[in-house]
>>> print(open('work.cif').read())   # mmCIF, C-alpha atoms and all ligand atoms
data_target
#
loop_
_atom_site.label_atom_id
_atom_site.label_comp_id
_atom_site.auth_asym_id
_atom_site.auth_seq_id
_atom_site.Cartn_x
_atom_site.Cartn_y
_atom_site.Cartn_z
CA MET A 1 0.00 0.00 0.00
CA ILE A 2 1.38 3.40 -0.98
CA PRO A 3 0.17 7.00 -0.96
CA ALA A 4 -1.87 7.77 -4.07
CA THR A 5 -0.85 10.71 -6.24
CA ALA A 6 -2.23 12.24 -9.42
CA ALA A 7 0.13 9.90 -11.30
CA HIS A 8 -2.00 7.01 -10.05
CA ALA A 9 -5.22 8.54 -11.41
CA PRO A 10 -5.66 5.99 -14.27
CA ALA A 11 -5.07 3.05 -11.91
CA LEU A 12 -7.44 4.53 -9.32
CA ALA A 13 -10.13 4.99 -11.97
CA ALA A 14 -9.67 1.39 -13.14
CA ILE A 15 -10.15 0.04 -9.61
CA HIS A 16 -13.17 2.29 -9.07
CA ALA A 17 -14.76 1.22 -12.36
CA ALA A 18 -14.41 -2.44 -11.38
CA ALA A 19 -15.85 -1.86 -7.91
CA TYR A 20 -18.84 0.41 -8.64
CA PRO A 21 -21.74 0.48 -11.11
CA PRO A 22 -20.91 2.51 -14.26
CA GLN A 23 -23.00 5.51 -13.21
CA GLU A 24 -21.07 5.78 -9.92
CA ALA A 25 -17.53 5.23 -11.20
CA TRP A 26 -15.12 8.16 -10.90
CA THR A 27 -12.92 9.20 -13.82
CA GLY A 28 -9.16 9.56 -13.75
CA ALA A 29 -9.66 13.33 -14.10
CA ALA A 30 -11.85 13.34 -11.00
CA PHE A 31 -9.19 11.49 -9.00
CA ALA A 32 -6.46 13.84 -10.24
CA THR A 33 -8.53 16.89 -9.30
CA LEU A 34 -9.32 15.56 -5.83
CA LEU A 35 -5.72 14.54 -5.11
CA ALA A 36 -4.53 18.03 -6.05
CA LEU A 37 -6.51 19.47 -3.12
CA PRO A 38 -4.43 19.97 0.04
CA ALA A 39 -7.07 18.36 2.28
CA THR A 40 -7.34 15.18 0.22
CA SER A 41 -5.12 12.14 0.57
CA GLY A 42 -5.34 8.60 -0.71
CA LEU A 43 -3.88 5.14 -0.53
CA ILE A 44 -3.65 2.59 -3.34
CA ASP A 45 -2.85 -1.10 -3.00
CA ARG A 46 -1.54 -3.14 -5.91
CA ARG A 47 -3.87 -6.01 -4.97
CA GLY A 48 -6.67 -3.77 -6.27
CA GLY A 49 -7.86 -1.40 -3.59
CA LEU A 50 -8.03 2.32 -2.87
CA ILE A 51 -9.26 4.78 -0.30
CA LEU A 52 -9.52 8.58 -0.47
CA ILE A 53 -10.12 10.77 2.55
CA SER A 54 -10.43 14.47 3.25
CA THR A 55 -9.12 15.90 6.53
CA VAL A 56 -10.22 19.37 7.65
CA ALA A 57 -10.21 21.03 11.08
CA GLY A 58 -9.76 17.85 13.06
CA GLU A 59 -12.37 15.84 11.19
CA ALA A 60 -11.70 13.29 8.46
CA GLU A 61 -14.22 12.03 5.92
CA ILE A 62 -14.00 8.99 3.67
CA LEU A 63 -14.60 10.14 0.09
CA THR A 64 -14.47 6.69 -1.44
CA LEU A 65 -13.30 3.14 -0.70
CA ALA A 66 -13.10 0.40 -3.33
CA VAL A 67 -11.71 -3.12 -3.68
CA TYR A 68 -11.64 -5.16 -6.89
CA PRO A 69 -14.35 -7.83 -6.78
CA ALA A 70 -11.73 -10.61 -7.11
CA ALA A 71 -9.74 -9.21 -4.16
CA ARG A 72 -12.66 -8.95 -1.73
CA ARG A 73 -13.20 -10.72 1.56
CA MET A 74 -9.45 -11.06 2.17
CA GLY A 75 -9.02 -8.15 4.54
CA LEU A 76 -7.94 -5.51 2.04
CA GLY A 77 -10.88 -3.18 2.64
CA ARG A 78 -10.29 -3.19 6.40
CA HIS A 79 -6.54 -2.75 5.90
CA LEU A 80 -7.11 0.33 3.73
CA LEU A 81 -9.66 1.72 6.18
CA LEU A 82 -7.42 1.34 9.23
CA ALA A 83 -4.40 2.75 7.40
CA ALA A 84 -6.49 5.78 6.39
CA ILE A 85 -7.55 6.23 10.02
CA ASP A 86 -3.89 6.20 11.07
CA HIS A 87 -3.06 8.73 8.36
CA ALA A 88 -5.89 11.04 9.40
CA ALA A 89 -4.97 10.78 13.09
CA ALA A 90 -1.34 11.58 12.27
CA ASN A 91 -2.66 14.69 10.52
CA GLY A 92 -4.60 15.86 13.55
CA ALA A 93 -8.03 14.32 13.03
CA VAL A 94 -9.89 13.11 16.12
CA ALA A 95 -13.00 11.78 14.36
CA MET A 96 -13.82 10.16 11.03
CA PHE A 97 -17.15 10.31 9.17
CA LEU A 98 -18.51 8.45 6.17
CA GLU A 99 -21.70 7.91 4.21
CA VAL A 100 -22.86 4.46 3.17
CA SER A 101 -26.02 3.24 1.51
CA ASP A 102 -28.23 1.42 3.98
CA THR A 103 -28.58 -1.30 1.32
CA ASN A 104 -24.78 -1.86 1.09
CA ALA A 105 -24.45 -4.79 3.50
CA PRO A 106 -20.74 -5.56 2.87
CA ALA A 107 -19.66 -1.98 3.49
CA ARG A 108 -21.96 -1.55 6.48
CA HIS A 109 -20.53 -4.72 8.06
CA LEU A 110 -17.01 -3.49 7.45
CA TYR A 111 -17.70 -0.12 9.07
CA GLU A 112 -19.74 -1.50 11.96
CA THR A 113 -16.97 -3.99 12.82
CA SER A 114 -14.37 -1.21 12.53
CA GLY A 115 -15.87 0.96 15.24
CA PHE A 116 -18.21 3.21 13.25
CA THR A 117 -21.69 3.93 14.56
CA PRO A 118 -24.64 5.61 12.77
CA VAL A 119 -25.15 9.28 13.62
CA GLY A 120 -27.58 10.32 10.89
CA ARG A 121 -29.57 9.37 7.82
CA ARG A 122 -29.91 11.19 4.49
CA ARG A 123 -33.10 10.04 2.82
CA PHE A 124 -33.07 9.07 -0.88
CA TYR A 125 -29.44 10.19 -1.09
CA TYR A 126 -28.22 7.77 -3.76
CA PRO A 127 -29.26 7.53 -7.44
CA ASP A 128 -30.97 4.17 -6.74
CA GLY A 129 -33.18 5.89 -4.16
CA SER A 130 -31.52 4.32 -1.12
CA ASP A 131 -30.83 6.28 2.05
CA ALA A 132 -27.31 7.21 3.16
CA LEU A 133 -26.32 6.35 6.70
CA VAL A 134 -23.86 8.84 8.17
CA MET A 135 -21.41 6.99 10.42
CA ARG A 136 -18.72 8.24 12.80
CA ARG A 137 -15.91 6.93 14.97
CA ASP A 138 -13.34 8.52 17.24
CA ILE A 139 -9.89 7.95 15.87
CA THR A 140 -6.46 7.58 17.35
CA PHE A 141 -3.11 6.83 15.81
CA ALA A 142 -2.25 3.11 15.47
CA ALA A 143 -5.70 2.02 14.31
CA ALA A 144 -3.83 -0.26 11.90
CA ALA A 145 -2.66 -2.25 14.90
CA GLU A 146 -6.30 -3.44 15.15
CA CYS A 147 -5.84 -5.18 11.79
C1 LIG B 1 -16.95 -2.67 0.91
C2 LIG B 1 -15.63 -3.22 0.37
C3 LIG B 1 -14.62 -2.07 0.24
C4 LIG B 1 -15.09 -4.27 1.36
O1 LIG B 1 -13.81 -4.67 0.90
P1 LIG B 1 -13.19 -6.11 1.33
O2 LIG B 1 -11.76 -6.09 0.95
O3 LIG B 1 -14.02 -7.19 0.80
O4 LIG B 1 -13.36 -6.04 2.91
P2 LIG B 1 -12.62 -7.00 3.96
O5 LIG B 1 -12.20 -8.27 3.31
O6 LIG B 1 -11.58 -6.20 4.65
O7 LIG B 1 -13.84 -7.33 4.93
C5 LIG B 1 -13.94 -6.70 6.17
C6 LIG B 1 -15.32 -6.92 6.74
O8 LIG B 1 -16.31 -6.33 5.91
C7 LIG B 1 -17.50 -7.10 6.00
N1 LIG B 1 -17.80 -7.66 4.68
C8 LIG B 1 -17.05 -7.57 3.56
N2 LIG B 1 -17.69 -8.16 2.54
C9 LIG B 1 -18.86 -8.62 3.02
C10 LIG B 1 -19.96 -9.29 2.45
N3 LIG B 1 -19.99 -9.62 1.15
N4 LIG B 1 -21.01 -9.59 3.26
C11 LIG B 1 -21.00 -9.26 4.56
N5 LIG B 1 -19.98 -8.62 5.16
C12 LIG B 1 -18.92 -8.30 4.40
C13 LIG B 1 -17.23 -8.19 7.00
O9 LIG B 1 -17.53 -7.69 8.29
C14 LIG B 1 -15.74 -8.36 6.83
O10 LIG B 1 -15.11 -9.00 7.87
P3 LIG B 1 -14.94 -10.61 7.85
O11 LIG B 1 -14.40 -10.96 6.50
O12 LIG B 1 -13.98 -10.84 8.98
O13 LIG B 1 -16.32 -11.15 8.09
C15 LIG B 1 -15.85 -3.92 -1.02
O14 LIG B 1 -16.91 -4.85 -0.88
C16 LIG B 1 -16.18 -2.96 -2.16
O15 LIG B 1 -15.27 -2.42 -2.80
N6 LIG B 1 -17.47 -2.76 -2.42
C17 LIG B 1 -17.91 -1.90 -3.54
C18 LIG B 1 -17.63 -0.44 -3.24
C19 LIG B 1 -18.25 0.00 -1.92
O16 LIG B 1 -19.36 -0.37 -1.58
N7 LIG B 1 -17.46 0.82 -1.17
C20 LIG B 1 -17.91 1.37 0.10
C21 LIG B 1 -18.84 2.49 -0.14
S1 LIG B 1 -19.29 3.34 1.36
#
>>> encode(input="work.cif", output="structure tokens", more="lines below")
Ligand SMILES: CC(C)(COP(=O)(O)OP(=O)(O)OC[C@H]1O[C@@H](n2cnc3c(N)ncnc32)[C@H](O)[C@@H]1OP(=O)(O)O)[C@@H](O)C(=O)NCCC(=O)NCCS
Amino acid sequence: MIPATAAHAPALAAIHAAAYPPQEAWTGAAFATLLALPATSGLIDRRGGLILISTVAGEAEILTLAVYPAARRMGLGRHLLLAAIDHAAANGAVAMFLEVSDTNAPARHLYETSGFTPVGRRRFYYPDGSDALVMRRDITFAAAAEC
């Protein structure tokens, strides 16, 4: 796993396209634009996974998390998540937030078993009409040690 830069934009877009439905996949240009922002950071894993977060004023937010279908259920998603928590904590964040569709059972399980709890609901948030759950956890450095 290494920090993602704009040079990784095509690889990030390829992972995202494999992990999400076509209408939700992010382009390489979108990744390059996001990674040029000072608040945004990312990790990419050559097994086929990525995570992007934004860290502002002590709060981090997961922008996206994706693992290749063939690489799932082997711990990569959790590894990326905990590494991102460590990164955010090292940059001064004390809490992390995310949004997840309430119909996305794999992602909800991952977050619930990684210390996130629901703090809100955004109705009909996603294009398929599903609600977004807003989830939060306190974060400290060395979350990756939980892995
Ligand atoms: C969500 C996602 C990132 C998980 O990646 P992963 O590498 O498979 O996750 P892990 O192997 O680290 O699994 C960690 C935990 O997540 C949960 N989980 C993962 N896949 C699951 C599934 N199909 N059903 C139920 N729980 C699942 C489990 O709690 C699992 O722990 P366990 O394997 O010990 O039971 C991956 O499924 C994905 O890319 N999905 C499409 C994109 C997406 O939904 N991103 C999140 C948007 S908020």
>>> closest_residue(input="work.cif", among="A:Leu12, A:Pro22, A:Ala90, A:Arg137", to="Leu65 (chain A)", atoms="only C-alpha atoms")
A:Leu12
>>> closest_residue(input="work.cif", among="A:Leu43, A:Val100, A:Ala93, A:Leu63", to="Trp26 (chain A)", atoms="all atoms listed in the file")
A:Leu63
>>> residues_near_ligand(input="work.cif", ligand="ligand LIG 1 (chain B)", cutoff="9 Å", atoms="all atoms listed in the file", output="ChimeraX atom specification")
/A:15-16,18-21,49-51,62-81,98-101,104-114
>>> axis_aligned_box(input="work.cif", around="region 103-112 of chain A", padding_each_side="5 Å", output="AutoDock Vina command-line options")
--center_x -22.8 --center_y -2.8 --center_z 6.5 --size_x 21.6 --size_y 15.4 --size_z 20.9
>>> residues_near_point(input="work.cif", point="(2.0, 12.0, -12.0)", cutoff="12 Å", atoms="all atoms listed in the file", output="PyMOL selection string")
chain A and resi 4-11+28-29+31-33+35-36
>>> atom_distance(input="work.cif", atom1="CA of Val94 (chain A)", atom2="CA of Leu82 (chain A)")
13.9 Å
>>> atom_distance(input="work.cif", atom1="CA of Gly42 (chain A)", atom2="CA of Ser130 (chain A)")
26.5 Å
>>> decode(input="work.cif", residues="region 91-118 of chain A", atoms="N, CA and C atoms", output="compact mmCIF listing (two decimals), in the first residue's frame")
# COMPACT_ATOMS: atom_id res chain seq x y z
N ASN A 91 -2.48 13.34 11.03
CA ASN A 91 -2.66 14.69 10.52
C ASN A 91 -3.62 15.51 11.38
N GLY A 92 -3.86 15.05 12.59
CA GLY A 92 -4.60 15.86 13.55
C GLY A 92 -6.07 15.58 13.67
N ALA A 93 -6.60 14.60 12.93
CA ALA A 93 -8.03 14.32 13.03
C ALA A 93 -8.33 13.54 14.31
N VAL A 94 -9.47 13.84 14.91
CA VAL A 94 -9.89 13.11 16.12
C VAL A 94 -11.19 12.33 15.88
N ALA A 95 -11.78 12.52 14.70
CA ALA A 95 -13.00 11.78 14.36
C ALA A 95 -13.01 11.55 12.86
N MET A 96 -13.65 10.44 12.47
CA MET A 96 -13.82 10.16 11.03
C MET A 96 -15.30 9.91 10.74
N PHE A 97 -15.76 10.46 9.62
CA PHE A 97 -17.15 10.31 9.17
C PHE A 97 -17.18 9.61 7.81
N LEU A 98 -18.30 9.04 7.50
CA LEU A 98 -18.51 8.45 6.17
C LEU A 98 -20.00 8.37 5.89
N GLU A 99 -20.32 8.18 4.63
CA GLU A 99 -21.70 7.91 4.21
C GLU A 99 -21.71 6.56 3.53
N VAL A 100 -22.73 5.77 3.81
CA VAL A 100 -22.86 4.46 3.17
C VAL A 100 -24.34 4.19 2.94
N SER A 101 -24.64 3.58 1.79
CA SER A 101 -26.02 3.24 1.51
C SER A 101 -26.52 2.22 2.53
N ASP A 102 -27.73 2.41 3.00
CA ASP A 102 -28.23 1.42 3.98
C ASP A 102 -28.50 0.07 3.33
N THR A 103 -28.43 0.00 1.99
CA THR A 103 -28.58 -1.30 1.32
C THR A 103 -27.23 -1.98 1.04
N ASN A 104 -26.12 -1.33 1.39
CA ASN A 104 -24.78 -1.86 1.09
C ASN A 104 -24.29 -2.70 2.27
N ALA A 105 -24.76 -3.94 2.34
CA ALA A 105 -24.45 -4.79 3.50
C ALA A 105 -22.95 -5.02 3.69
N PRO A 106 -22.17 -5.34 2.63
CA PRO A 106 -20.74 -5.56 2.87
C PRO A 106 -20.05 -4.35 3.50
N ALA A 107 -20.32 -3.17 2.96
CA ALA A 107 -19.66 -1.98 3.49
C ALA A 107 -20.15 -1.66 4.90
N ARG A 108 -21.45 -1.81 5.13
CA ARG A 108 -21.96 -1.55 6.48
C ARG A 108 -21.32 -2.49 7.50
N HIS A 109 -21.17 -3.77 7.14
CA HIS A 109 -20.53 -4.72 8.06
C HIS A 109 -19.10 -4.29 8.34
N LEU A 110 -18.40 -3.92 7.27
CA LEU A 110 -17.01 -3.49 7.45
C LEU A 110 -16.93 -2.32 8.43
N TYR A 111 -17.77 -1.31 8.22
CA TYR A 111 -17.70 -0.12 9.07
C TYR A 111 -18.15 -0.42 10.50
N GLU A 112 -19.22 -1.19 10.62
CA GLU A 112 -19.74 -1.50 11.96
C GLU A 112 -18.72 -2.30 12.78
N THR A 113 -17.97 -3.18 12.10
CA THR A 113 -16.97 -3.99 12.82
C THR A 113 -15.62 -3.27 12.90
N SER A 114 -15.59 -2.02 12.41
CA SER A 114 -14.37 -1.21 12.53
C SER A 114 -14.61 0.00 13.42
N GLY A 115 -15.66 -0.06 14.22
CA GLY A 115 -15.87 0.96 15.24
C GLY A 115 -16.75 2.13 14.86
N PHE A 116 -17.34 2.11 13.67
CA PHE A 116 -18.21 3.21 13.25
C PHE A 116 -19.64 2.96 13.72
N THR A 117 -20.30 4.03 14.15
CA THR A 117 -21.69 3.93 14.56
C THR A 117 -22.52 4.97 13.80
N PRO A 118 -23.80 4.65 13.51
CA PRO A 118 -24.64 5.61 12.77
C PRO A 118 -24.92 6.86 13.60
